[in-house]
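Colleague: This is the content of input.cif (mmCIF, N, CA and C atoms):
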```cif
data_protein
loop_
_atom_site.label_atom_id
_atom_site.label_comp_id
_atom_site.auth_asym_id
_atom_site.auth_seq_id
_atom_site.Cartn_x
_atom_site.Cartn_y
_atom_site.Cartn_z
N MET Y 141 0.82 -1.19 0.00
CA MET Y 141 0.00 0.00 0.00
C MET Y 141 0.87 1.26 0.00
N GLU Y 142 1.92 1.27 0.83
CA GLU Y 142 2.80 2.44 0.88
C GLU Y 142 3.42 2.71 -0.48
N PHE Y 143 3.87 1.62 -1.15
CA PHE Y 143 4.53 1.78 -2.44
C PHE Y 143 3.59 2.40 -3.47
N GLU Y 144 2.35 1.92 -3.52
CA GLU Y 144 1.40 2.43 -4.51
C GLU Y 144 1.13 3.92 -4.31
N LYS Y 145 0.92 4.32 -3.05
CA LYS Y 145 0.67 5.74 -2.77
C LYS Y 145 1.91 6.58 -3.09
N LEU Y 146 3.07 6.06 -2.72
CA LEU Y 146 4.32 6.77 -3.00
C LEU Y 146 4.53 6.91 -4.50
N ARG Y 147 4.25 5.85 -5.24
CA ARG Y 147 4.41 5.90 -6.70
C ARG Y 147 3.54 6.99 -7.29
N GLU Y 148 2.32 7.14 -6.79
CA GLU Y 148 1.43 8.20 -7.28
C GLU Y 148 2.04 9.58 -7.03
N ILE Y 149 2.61 9.77 -5.85
CA ILE Y 149 3.25 11.06 -5.52
C ILE Y 149 4.41 11.32 -6.48
N ILE Y 150 5.26 10.31 -6.68
CA ILE Y 150 6.43 10.46 -7.55
C ILE Y 150 6.00 10.75 -8.99
N MET Y 151 5.00 10.02 -9.47
CA MET Y 151 4.52 10.23 -10.84
C MET Y 151 3.99 11.65 -11.00
N ASP Y 152 3.32 12.15 -9.99
CA ASP Y 152 2.75 13.50 -10.04
C ASP Y 152 3.84 14.56 -10.02
N VAL Y 153 4.80 14.43 -9.12
CA VAL Y 153 5.85 15.45 -8.97
C VAL Y 153 6.81 15.44 -10.16
N LEU Y 154 7.22 14.25 -10.58
CA LEU Y 154 8.26 14.14 -11.61
C LEU Y 154 7.72 13.92 -13.02
N ASN Y 155 6.40 13.75 -13.12
CA ASN Y 155 5.77 13.55 -14.43
C ASN Y 155 6.40 12.36 -15.17
N VAL Y 156 6.50 11.23 -14.46
CA VAL Y 156 7.02 10.00 -15.05
C VAL Y 156 5.92 8.95 -15.06
N GLY Y 157 6.13 7.90 -15.83
CA GLY Y 157 5.14 6.84 -15.93
C GLY Y 157 5.27 5.82 -14.82
N GLU Y 158 4.20 5.06 -14.64
CA GLU Y 158 4.16 4.02 -13.61
C GLU Y 158 5.29 3.02 -13.77
N GLU Y 159 5.62 2.69 -15.01
CA GLU Y 159 6.67 1.70 -15.28
C GLU Y 159 8.06 2.21 -14.92
N ASP Y 160 8.20 3.52 -14.73
CA ASP Y 160 9.51 4.11 -14.38
C ASP Y 160 9.81 4.03 -12.89
N VAL Y 161 8.80 3.70 -12.08
CA VAL Y 161 8.96 3.73 -10.63
C VAL Y 161 8.89 2.32 -10.05
N THR Y 162 10.04 1.81 -9.61
CA THR Y 162 10.11 0.52 -8.93
C THR Y 162 10.79 0.72 -7.58
N MET Y 163 10.84 -0.31 -6.77
CA MET Y 163 11.48 -0.20 -5.46
C MET Y 163 12.97 0.13 -5.61
N GLU Y 164 13.58 -0.30 -6.71
CA GLU Y 164 15.02 -0.10 -6.92
C GLU Y 164 15.35 1.23 -7.60
N THR Y 165 14.35 1.93 -8.09
CA THR Y 165 14.56 3.18 -8.81
C THR Y 165 15.20 4.23 -7.89
N THR Y 166 16.26 4.89 -8.39
CA THR Y 166 16.86 5.98 -7.63
C THR Y 166 16.25 7.30 -8.09
N PHE Y 167 16.05 8.19 -7.13
CA PHE Y 167 15.41 9.46 -7.45
C PHE Y 167 16.27 10.32 -8.37
N VAL Y 168 17.55 10.43 -8.07
CA VAL Y 168 18.42 11.33 -8.82
C VAL Y 168 18.89 10.69 -10.12
N ASP Y 169 19.50 9.52 -10.04
CA ASP Y 169 20.10 8.90 -11.23
C ASP Y 169 19.06 8.38 -12.22
N ASP Y 170 18.03 7.69 -11.74
CA ASP Y 170 17.05 7.10 -12.64
C ASP Y 170 15.94 8.05 -13.06
N LEU Y 171 15.50 8.89 -12.12
CA LEU Y 171 14.36 9.76 -12.41
C LEU Y 171 14.75 11.21 -12.67
N GLY Y 172 16.02 11.55 -12.45
CA GLY Y 172 16.49 12.91 -12.72
C GLY Y 172 15.96 13.95 -11.75
N ALA Y 173 15.60 13.53 -10.55
CA ALA Y 173 15.06 14.47 -9.55
C ALA Y 173 16.16 15.39 -9.02
N ASP Y 174 15.81 16.66 -8.82
CA ASP Y 174 16.74 17.58 -8.17
C ASP Y 174 16.29 17.77 -6.72
N SER Y 175 16.99 18.61 -5.98
CA SER Y 175 16.68 18.76 -4.56
C SER Y 175 15.26 19.30 -4.33
N LEU Y 176 14.78 20.16 -5.20
CA LEU Y 176 13.42 20.68 -5.05
C LEU Y 176 12.40 19.57 -5.29
N ASP Y 177 12.64 18.74 -6.30
CA ASP Y 177 11.74 17.61 -6.57
C ASP Y 177 11.67 16.68 -5.36
N ILE Y 178 12.81 16.38 -4.79
CA ILE Y 178 12.86 15.48 -3.64
C ILE Y 178 12.13 16.11 -2.45
N PHE Y 179 12.31 17.41 -2.26
CA PHE Y 179 11.59 18.12 -1.20
C PHE Y 179 10.08 18.01 -1.40
N GLN Y 180 9.62 18.20 -2.64
CA GLN Y 180 8.19 18.11 -2.94
C GLN Y 180 7.67 16.69 -2.70
N ILE Y 181 8.46 15.69 -3.04
CA ILE Y 181 8.06 14.30 -2.82
C ILE Y 181 7.95 14.04 -1.32
N ILE Y 182 8.94 14.50 -0.54
CA ILE Y 182 8.90 14.29 0.90
C ILE Y 182 7.70 15.01 1.52
N MET Y 183 7.42 16.21 1.05
CA MET Y 183 6.24 16.93 1.54
C MET Y 183 4.96 16.14 1.21
N GLY Y 184 4.92 15.58 0.02
CA GLY Y 184 3.77 14.76 -0.38
C GLY Y 184 3.62 13.53 0.49
N ILE Y 185 4.75 12.90 0.81
CA ILE Y 185 4.74 11.73 1.69
C ILE Y 185 4.19 12.11 3.07
N GLU Y 186 4.72 13.21 3.62
CA GLU Y 186 4.31 13.64 4.95
C GLU Y 186 2.81 13.96 5.00
N GLU Y 187 2.32 14.59 3.95
CA GLU Y 187 0.90 14.95 3.89
C GLU Y 187 0.02 13.71 3.70
N THR Y 188 0.41 12.85 2.77
CA THR Y 188 -0.39 11.67 2.45
C THR Y 188 -0.46 10.68 3.61
N PHE Y 189 0.67 10.45 4.26
CA PHE Y 189 0.73 9.44 5.31
C PHE Y 189 0.60 10.04 6.71
N ASP Y 190 0.48 11.37 6.82
CA ASP Y 190 0.36 12.06 8.10
C ASP Y 190 1.52 11.69 9.02
N ILE Y 191 2.73 11.82 8.49
CA ILE Y 191 3.95 11.52 9.24
C ILE Y 191 4.92 12.69 9.08
N GLU Y 192 6.01 12.64 9.83
CA GLU Y 192 7.06 13.64 9.68
C GLU Y 192 8.39 12.93 9.48
N ILE Y 193 9.11 13.33 8.45
CA ILE Y 193 10.43 12.76 8.16
C ILE Y 193 11.45 13.86 8.44
N ASP Y 194 12.33 13.63 9.41
CA ASP Y 194 13.30 14.68 9.72
C ASP Y 194 14.39 14.73 8.64
N ASN Y 195 15.11 15.82 8.62
CA ASN Y 195 16.10 16.06 7.57
C ASN Y 195 17.17 14.98 7.51
N GLU Y 196 17.59 14.50 8.67
CA GLU Y 196 18.63 13.47 8.71
C GLU Y 196 18.16 12.18 8.01
N ASP Y 197 16.91 11.80 8.27
CA ASP Y 197 16.35 10.61 7.61
C ASP Y 197 16.10 10.87 6.12
N ALA Y 198 15.67 12.07 5.80
CA ALA Y 198 15.40 12.41 4.40
C ALA Y 198 16.66 12.31 3.55
N GLU Y 199 17.80 12.67 4.14
CA GLU Y 199 19.06 12.62 3.39
C GLU Y 199 19.48 11.19 3.06
N LYS Y 200 18.95 10.22 3.80
CA LYS Y 200 19.28 8.80 3.57
C LYS Y 200 18.45 8.19 2.45
N ILE Y 201 17.44 8.90 1.99
CA ILE Y 201 16.55 8.36 0.95
C ILE Y 201 17.20 8.53 -0.42
N VAL Y 202 17.59 7.41 -1.01
CA VAL Y 202 18.22 7.41 -2.34
C VAL Y 202 17.30 6.72 -3.35
N THR Y 203 16.69 5.62 -2.92
CA THR Y 203 15.81 4.86 -3.82
C THR Y 203 14.37 4.96 -3.34
N VAL Y 204 13.47 4.53 -4.20
CA VAL Y 204 12.05 4.47 -3.83
C VAL Y 204 11.88 3.52 -2.65
N GLY Y 205 12.63 2.42 -2.64
CA GLY Y 205 12.58 1.47 -1.53
C GLY Y 205 12.98 2.11 -0.21
N ASP Y 206 13.99 2.99 -0.25
CA ASP Y 206 14.40 3.72 0.96
C ASP Y 206 13.23 4.56 1.50
N ALA Y 207 12.52 5.20 0.60
CA ALA Y 207 11.39 6.04 0.99
C ALA Y 207 10.28 5.19 1.60
N VAL Y 208 10.02 4.02 1.02
CA VAL Y 208 9.00 3.11 1.56
C VAL Y 208 9.39 2.69 2.97
N GLU Y 209 10.66 2.39 3.18
CA GLU Y 209 11.13 2.00 4.52
C GLU Y 209 10.94 3.14 5.52
N GLN Y 210 11.23 4.36 5.11
CA GLN Y 210 11.04 5.52 6.00
C GLN Y 210 9.56 5.65 6.37
N ILE Y 211 8.69 5.45 5.39
CA ILE Y 211 7.25 5.54 5.65
C ILE Y 211 6.83 4.47 6.65
N LYS Y 212 7.25 3.22 6.40
CA LYS Y 212 6.88 2.12 7.29
C LYS Y 212 7.40 2.36 8.71
N ASN Y 213 8.63 2.85 8.84
CA ASN Y 213 9.21 3.12 10.16
C ASN Y 213 8.44 4.22 10.88
N ALA Y 214 8.02 5.23 10.14
CA ALA Y 214 7.30 6.36 10.75
C ALA Y 214 5.87 5.98 11.16
N ILE Y 215 5.28 5.07 10.41
CA ILE Y 215 3.89 4.65 10.72
C ILE Y 215 3.87 3.75 11.94
N ASN Y 216 4.89 2.90 12.08
CA ASN Y 216 4.89 1.92 13.17
C ASN Y 216 5.53 2.42 14.42
#
```
So that I can check it, write out the structure of this file as structure tokens.
Modeller:
Amino acid sequence: MEFEKLREIIMDVLNVGEEDVTMETTFVDDLGADSLDIFQIIMGIEETFDIEIDNEDAEKIVTVGDAVEQIKNAIN
């Protein structure tokens, strides 16, 4: 469930297709995201899942899978 919602956020912010977003996809190298894009994605995550991701944890997010793990950790 987290992955599907996250994929929707990423597709919306980066204007990429569903097939471009997998757990292994990297935000910068694979999707071409810049720091503003990543900020918008994190804001979308926080709003959608009603969680807060601190800056230290946000800096560790490299792949979509990393973001899913952050979401799961924050929810539990």
Colleague: Could you tell me how far atom CA of Y:Phe179 lies from atom CA of Y:Phe167, in Å and to one decimal?
Modeller: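 Atom CA of Y:Phe179 sits 11.3 Å away from atom CA of Y:Phe167.
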Colleague: Starting from the shown file, work through the PyMOL selection byres (((chain Y and resi 198 and name CA) around 9) and name CA) and note down what comes out as a PyMOL selection string.
Modeller: chain Y and resi 178-179+182+193-197+199-202+207+210
Colleague: So that I can see what lies close to Y:Phe143, please list as a ChimeraX atom specification the residues with an atom at most 8 Å from it, counting all atoms listed in the file and leaving out residues fewer than 3 positions away in the same chain.
Modeller: /Y:146-149,163,204,207-208
Colleague: Report as number ranges by chain: the residues of chain Y with a DSSP assignment of alpha helix (DSSP H), based on the backbone of this structure.
Modeller: Y: 142-154, 175-189, 195-198, 204-215
Colleague: Using only N, CA and C atoms, please write the residues we just selected to a file, as a short mmCIF file (atom, residue, chain, number, x, y, z; two decimals), keeping the file's coordinate frame.
Modeller:
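Contents of the output file again36.cif:
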```cif
data_model
loop_
_atom_site.label_atom_id
_atom_site.label_comp_id
_atom_site.auth_asym_id
_atom_site.auth_seq_id
_atom_site.Cartn_x
_atom_site.Cartn_y
_atom_site.Cartn_z
N GLU Y 142 1.92 1.27 0.83
CA GLU Y 142 2.80 2.44 0.88
C GLU Y 142 3.42 2.71 -0.48
N PHE Y 143 3.87 1.62 -1.15
CA PHE Y 143 4.53 1.78 -2.44
C PHE Y 143 3.59 2.40 -3.47
N GLU Y 144 2.35 1.92 -3.52
CA GLU Y 144 1.40 2.43 -4.51
C GLU Y 144 1.13 3.92 -4.31
N LYS Y 145 0.92 4.32 -3.05
CA LYS Y 145 0.67 5.74 -2.77
C LYS Y 145 1.91 6.58 -3.09
N LEU Y 146 3.07 6.06 -2.72
CA LEU Y 146 4.32 6.77 -3.00
C LEU Y 146 4.53 6.91 -4.50
N ARG Y 147 4.25 5.85 -5.24
CA ARG Y 147 4.41 5.90 -6.70
C ARG Y 147 3.54 6.99 -7.29
N GLU Y 148 2.32 7.14 -6.79
CA GLU Y 148 1.43 8.20 -7.28
C GLU Y 148 2.04 9.58 -7.03
N ILE Y 149 2.61 9.77 -5.85
CA ILE Y 149 3.25 11.06 -5.52
C ILE Y 149 4.41 11.32 -6.48
N ILE Y 150 5.26 10.31 -6.68
CA ILE Y 150 6.43 10.46 -7.55
C ILE Y 150 6.00 10.75 -8.99
N MET Y 151 5.00 10.02 -9.47
CA MET Y 151 4.52 10.23 -10.84
C MET Y 151 3.99 11.65 -11.00
N ASP Y 152 3.32 12.15 -9.99
CA ASP Y 152 2.75 13.50 -10.04
C ASP Y 152 3.84 14.56 -10.02
N VAL Y 153 4.80 14.43 -9.12
CA VAL Y 153 5.85 15.45 -8.97
C VAL Y 153 6.81 15.44 -10.16
N LEU Y 154 7.22 14.25 -10.58
CA LEU Y 154 8.26 14.14 -11.61
C LEU Y 154 7.72 13.92 -13.02
N SER Y 175 16.99 18.61 -5.98
CA SER Y 175 16.68 18.76 -4.56
C SER Y 175 15.26 19.30 -4.33
N LEU Y 176 14.78 20.16 -5.20
CA LEU Y 176 13.42 20.68 -5.05
C LEU Y 176 12.40 19.57 -5.29
N ASP Y 177 12.64 18.74 -6.30
CA ASP Y 177 11.74 17.61 -6.57
C ASP Y 177 11.67 16.68 -5.36
N ILE Y 178 12.81 16.38 -4.79
CA ILE Y 178 12.86 15.48 -3.64
C ILE Y 178 12.13 16.11 -2.45
N PHE Y 179 12.31 17.41 -2.26
CA PHE Y 179 11.59 18.12 -1.20
C PHE Y 179 10.08 18.01 -1.40
N GLN Y 180 9.62 18.20 -2.64
CA GLN Y 180 8.19 18.11 -2.94
C GLN Y 180 7.67 16.69 -2.70
N ILE Y 181 8.46 15.69 -3.04
CA ILE Y 181 8.06 14.30 -2.82
C ILE Y 181 7.95 14.04 -1.32
N ILE Y 182 8.94 14.50 -0.54
CA ILE Y 182 8.90 14.29 0.90
C ILE Y 182 7.70 15.01 1.52
N MET Y 183 7.42 16.21 1.05
CA MET Y 183 6.24 16.93 1.54
C MET Y 183 4.96 16.14 1.21
N GLY Y 184 4.92 15.58 0.02
CA GLY Y 184 3.77 14.76 -0.38
C GLY Y 184 3.62 13.53 0.49
N ILE Y 185 4.75 12.90 0.81
CA ILE Y 185 4.74 11.73 1.69
C ILE Y 185 4.19 12.11 3.07
N GLU Y 186 4.72 13.21 3.62
CA GLU Y 186 4.31 13.64 4.95
C GLU Y 186 2.81 13.96 5.00
N GLU Y 187 2.32 14.59 3.95
CA GLU Y 187 0.90 14.95 3.89
C GLU Y 187 0.02 13.71 3.70
N THR Y 188 0.41 12.85 2.77
CA THR Y 188 -0.39 11.67 2.45
C THR Y 188 -0.46 10.68 3.61
N PHE Y 189 0.67 10.45 4.26
CA PHE Y 189 0.73 9.44 5.31
C PHE Y 189 0.60 10.04 6.71
N ASN Y 195 15.11 15.82 8.62
CA ASN Y 195 16.10 16.06 7.57
C ASN Y 195 17.17 14.98 7.51
N GLU Y 196 17.59 14.50 8.67
CA GLU Y 196 18.63 13.47 8.71
C GLU Y 196 18.16 12.18 8.01
N ASP Y 197 16.91 11.80 8.27
CA ASP Y 197 16.35 10.61 7.61
C ASP Y 197 16.10 10.87 6.12
N ALA Y 198 15.67 12.07 5.80
CA ALA Y 198 15.40 12.41 4.40
C ALA Y 198 16.66 12.31 3.55
N VAL Y 204 13.47 4.53 -4.20
CA VAL Y 204 12.05 4.47 -3.83
C VAL Y 204 11.88 3.52 -2.65
N GLY Y 205 12.63 2.42 -2.64
CA GLY Y 205 12.58 1.47 -1.53
C GLY Y 205 12.98 2.11 -0.21
N ASP Y 206 13.99 2.99 -0.25
CA ASP Y 206 14.40 3.72 0.96
C ASP Y 206 13.23 4.56 1.50
N ALA Y 207 12.52 5.20 0.60
CA ALA Y 207 11.39 6.04 0.99
C ALA Y 207 10.28 5.19 1.60
N VAL Y 208 10.02 4.02 1.02
CA VAL Y 208 9.00 3.11 1.56
C VAL Y 208 9.39 2.69 2.97
N GLU Y 209 10.66 2.39 3.18
CA GLU Y 209 11.13 2.00 4.52
C GLU Y 209 10.94 3.14 5.52
N GLN Y 210 11.23 4.36 5.11
CA GLN Y 210 11.04 5.52 6.00
C GLN Y 210 9.56 5.65 6.37
N ILE Y 211 8.69 5.45 5.39
CA ILE Y 211 7.25 5.54 5.65
C ILE Y 211 6.83 4.47 6.65
N LYS Y 212 7.25 3.22 6.40
CA LYS Y 212 6.88 2.12 7.29
C LYS Y 212 7.40 2.36 8.71
N ASN Y 213 8.63 2.85 8.84
CA ASN Y 213 9.21 3.12 10.16
C ASN Y 213 8.44 4.22 10.88
N ALA Y 214 8.02 5.23 10.14
CA ALA Y 214 7.30 6.36 10.75
C ALA Y 214 5.87 5.98 11.16
N ILE Y 215 5.28 5.07 10.41
CA ILE Y 215 3.89 4.65 10.72
C ILE Y 215 3.87 3.75 11.94
#
```
Colleague: Any chance you could resolve the PyMOL selection byres (((chain Y and resi 156 and name CA) around 12) and name CA) against this file and give the residues as a PyMOL selection string?
Modeller: chain Y and resi 147-155+157-162+165+167+170-173
Colleague: Just give me the gap between atom CA of Y:Asn213 and atom CA of Y:Ile181 in Å, one decimal is fine.
Modeller: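 We find that atom CA of Y:Asn213 and atom CA of Y:Ile181 lie 17.2 Å from each other.
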Colleague: Taking all heavy atoms as the atom set, what does stretch 178-189 of chain Y look like once completed, written as a PDB file, in the frame of the given file?
Modeller:
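Output file result15.pdb is given in full below:
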```
ATOM      1  N   ILE Y 178      12.810  16.380  -4.790  1.00  0.00           N
ATOM      2  CA  ILE Y 178      12.860  15.480  -3.640  1.00  0.00           C
ATOM      3  C   ILE Y 178      12.130  16.110  -2.450  1.00  0.00           C
ATOM      4  O   ILE Y 178      11.365  15.441  -1.751  1.00  0.00           O
ATOM      5  CB  ILE Y 178      14.316  15.104  -3.297  1.00  0.00           C
ATOM      6  CG1 ILE Y 178      14.883  14.244  -4.433  1.00  0.00           C
ATOM      7  CG2 ILE Y 178      14.391  14.379  -1.956  1.00  0.00           C
ATOM      8  CD1 ILE Y 178      16.363  13.988  -4.363  1.00  0.00           C
ATOM      9  N   PHE Y 179      12.310  17.410  -2.260  1.00  0.00           N
ATOM     10  CA  PHE Y 179      11.590  18.120  -1.200  1.00  0.00           C
ATOM     11  C   PHE Y 179      10.080  18.010  -1.400  1.00  0.00           C
ATOM     12  O   PHE Y 179       9.336  17.737  -0.460  1.00  0.00           O
ATOM     13  CB  PHE Y 179      12.022  19.598  -1.167  1.00  0.00           C
ATOM     14  CG  PHE Y 179      11.270  20.417  -0.173  1.00  0.00           C
ATOM     15  CD1 PHE Y 179      11.563  20.336   1.184  1.00  0.00           C
ATOM     16  CD2 PHE Y 179      10.265  21.282  -0.582  1.00  0.00           C
ATOM     17  CE1 PHE Y 179      10.858  21.094   2.117  1.00  0.00           C
ATOM     18  CE2 PHE Y 179       9.557  22.041   0.334  1.00  0.00           C
ATOM     19  CZ  PHE Y 179       9.853  21.949   1.682  1.00  0.00           C
ATOM     20  N   GLN Y 180       9.620  18.200  -2.640  1.00  0.00           N
ATOM     21  CA  GLN Y 180       8.190  18.110  -2.940  1.00  0.00           C
ATOM     22  C   GLN Y 180       7.670  16.690  -2.700  1.00  0.00           C
ATOM     23  O   GLN Y 180       6.560  16.517  -2.192  1.00  0.00           O
ATOM     24  CB  GLN Y 180       7.917  18.518  -4.387  1.00  0.00           C
ATOM     25  CG  GLN Y 180       8.077  19.995  -4.627  1.00  0.00           C
ATOM     26  CD  GLN Y 180       7.825  20.362  -6.087  1.00  0.00           C
ATOM     27  OE1 GLN Y 180       8.411  19.781  -6.989  1.00  0.00           O
ATOM     28  NE2 GLN Y 180       6.946  21.316  -6.303  1.00  0.00           N
ATOM     29  N   ILE Y 181       8.460  15.690  -3.040  1.00  0.00           N
ATOM     30  CA  ILE Y 181       8.060  14.300  -2.820  1.00  0.00           C
ATOM     31  C   ILE Y 181       7.950  14.040  -1.320  1.00  0.00           C
ATOM     32  O   ILE Y 181       6.974  13.441  -0.851  1.00  0.00           O
ATOM     33  CB  ILE Y 181       9.048  13.327  -3.493  1.00  0.00           C
ATOM     34  CG1 ILE Y 181       8.910  13.438  -5.019  1.00  0.00           C
ATOM     35  CG2 ILE Y 181       8.815  11.890  -3.022  1.00  0.00           C
ATOM     36  CD1 ILE Y 181      10.023  12.773  -5.804  1.00  0.00           C
ATOM     37  N   ILE Y 182       8.940  14.500  -0.540  1.00  0.00           N
ATOM     38  CA  ILE Y 182       8.900  14.290   0.900  1.00  0.00           C
ATOM     39  C   ILE Y 182       7.700  15.010   1.520  1.00  0.00           C
ATOM     40  O   ILE Y 182       7.015  14.462   2.385  1.00  0.00           O
ATOM     41  CB  ILE Y 182      10.231  14.710   1.551  1.00  0.00           C
ATOM     42  CG1 ILE Y 182      11.314  13.706   1.139  1.00  0.00           C
ATOM     43  CG2 ILE Y 182      10.107  14.803   3.075  1.00  0.00           C
ATOM     44  CD1 ILE Y 182      12.715  14.061   1.533  1.00  0.00           C
ATOM     45  N   MET Y 183       7.420  16.210   1.050  1.00  0.00           N
ATOM     46  CA  MET Y 183       6.240  16.930   1.540  1.00  0.00           C
ATOM     47  C   MET Y 183       4.960  16.140   1.210  1.00  0.00           C
ATOM     48  O   MET Y 183       4.051  16.045   2.034  1.00  0.00           O
ATOM     49  CB  MET Y 183       6.156  18.339   0.939  1.00  0.00           C
ATOM     50  CG  MET Y 183       7.277  19.272   1.374  1.00  0.00           C
ATOM     51  SD  MET Y 183       7.318  19.558   3.140  1.00  0.00           S
ATOM     52  CE  MET Y 183       5.834  20.494   3.347  1.00  0.00           C
ATOM     53  N   GLY Y 184       4.920  15.580   0.020  1.00  0.00           N
ATOM     54  CA  GLY Y 184       3.770  14.760  -0.380  1.00  0.00           C
ATOM     55  C   GLY Y 184       3.620  13.530   0.490  1.00  0.00           C
ATOM     56  O   GLY Y 184       2.509  13.142   0.868  1.00  0.00           O
ATOM     57  N   ILE Y 185       4.750  12.900   0.810  1.00  0.00           N
ATOM     58  CA  ILE Y 185       4.740  11.730   1.690  1.00  0.00           C
ATOM     59  C   ILE Y 185       4.190  12.110   3.070  1.00  0.00           C
ATOM     60  O   ILE Y 185       3.316  11.446   3.615  1.00  0.00           O
ATOM     61  CB  ILE Y 185       6.171  11.137   1.840  1.00  0.00           C
ATOM     62  CG1 ILE Y 185       6.622  10.491   0.532  1.00  0.00           C
ATOM     63  CG2 ILE Y 185       6.224  10.129   2.991  1.00  0.00           C
ATOM     64  CD1 ILE Y 185       8.103  10.119   0.502  1.00  0.00           C
ATOM     65  N   GLU Y 186       4.720  13.210   3.620  1.00  0.00           N
ATOM     66  CA  GLU Y 186       4.310  13.640   4.950  1.00  0.00           C
ATOM     67  C   GLU Y 186       2.810  13.960   5.000  1.00  0.00           C
ATOM     68  O   GLU Y 186       2.122  13.593   5.949  1.00  0.00           O
ATOM     69  CB  GLU Y 186       5.127  14.854   5.403  1.00  0.00           C
ATOM     70  CG  GLU Y 186       6.579  14.508   5.665  1.00  0.00           C
ATOM     71  CD  GLU Y 186       7.429  15.698   6.074  1.00  0.00           C
ATOM     72  OE1 GLU Y 186       7.083  16.851   5.729  1.00  0.00           O
ATOM     73  OE2 GLU Y 186       8.447  15.458   6.742  1.00  0.00           O
ATOM     74  N   GLU Y 187       2.320  14.590   3.950  1.00  0.00           N
ATOM     75  CA  GLU Y 187       0.900  14.950   3.890  1.00  0.00           C
ATOM     76  C   GLU Y 187       0.020  13.710   3.700  1.00  0.00           C
ATOM     77  O   GLU Y 187      -0.974  13.530   4.394  1.00  0.00           O
ATOM     78  CB  GLU Y 187       0.691  15.936   2.742  1.00  0.00           C
ATOM     79  CG  GLU Y 187      -0.684  16.547   2.707  1.00  0.00           C
ATOM     80  CD  GLU Y 187      -0.785  17.588   1.606  1.00  0.00           C
ATOM     81  OE1 GLU Y 187      -0.020  18.575   1.640  1.00  0.00           O
ATOM     82  OE2 GLU Y 187      -1.617  17.394   0.706  1.00  0.00           O
ATOM     83  N   THR Y 188       0.410  12.850   2.770  1.00  0.00           N
ATOM     84  CA  THR Y 188      -0.390  11.670   2.450  1.00  0.00           C
ATOM     85  C   THR Y 188      -0.460  10.680   3.610  1.00  0.00           C
ATOM     86  O   THR Y 188      -1.530  10.135   3.899  1.00  0.00           O
ATOM     87  CB  THR Y 188       0.182  10.963   1.196  1.00  0.00           C
ATOM     88  OG1 THR Y 188       0.161  11.883   0.105  1.00  0.00           O
ATOM     89  CG2 THR Y 188      -0.621   9.726   0.841  1.00  0.00           C
ATOM     90  N   PHE Y 189       0.670  10.450   4.260  1.00  0.00           N
ATOM     91  CA  PHE Y 189       0.730   9.440   5.310  1.00  0.00           C
ATOM     92  C   PHE Y 189       0.600  10.040   6.710  1.00  0.00           C
ATOM     93  O   PHE Y 189       0.637   9.306   7.697  1.00  0.00           O
ATOM     94  CB  PHE Y 189       2.033   8.645   5.199  1.00  0.00           C
ATOM     95  CG  PHE Y 189       2.107   7.809   3.950  1.00  0.00           C
ATOM     96  CD1 PHE Y 189       2.756   8.275   2.818  1.00  0.00           C
ATOM     97  CD2 PHE Y 189       1.522   6.555   3.897  1.00  0.00           C
ATOM     98  CE1 PHE Y 189       2.834   7.516   1.656  1.00  0.00           C
ATOM     99  CE2 PHE Y 189       1.587   5.777   2.748  1.00  0.00           C
ATOM    100  CZ  PHE Y 189       2.237   6.256   1.630  1.00  0.00           C
TER     101      PHE Y 189
END
```
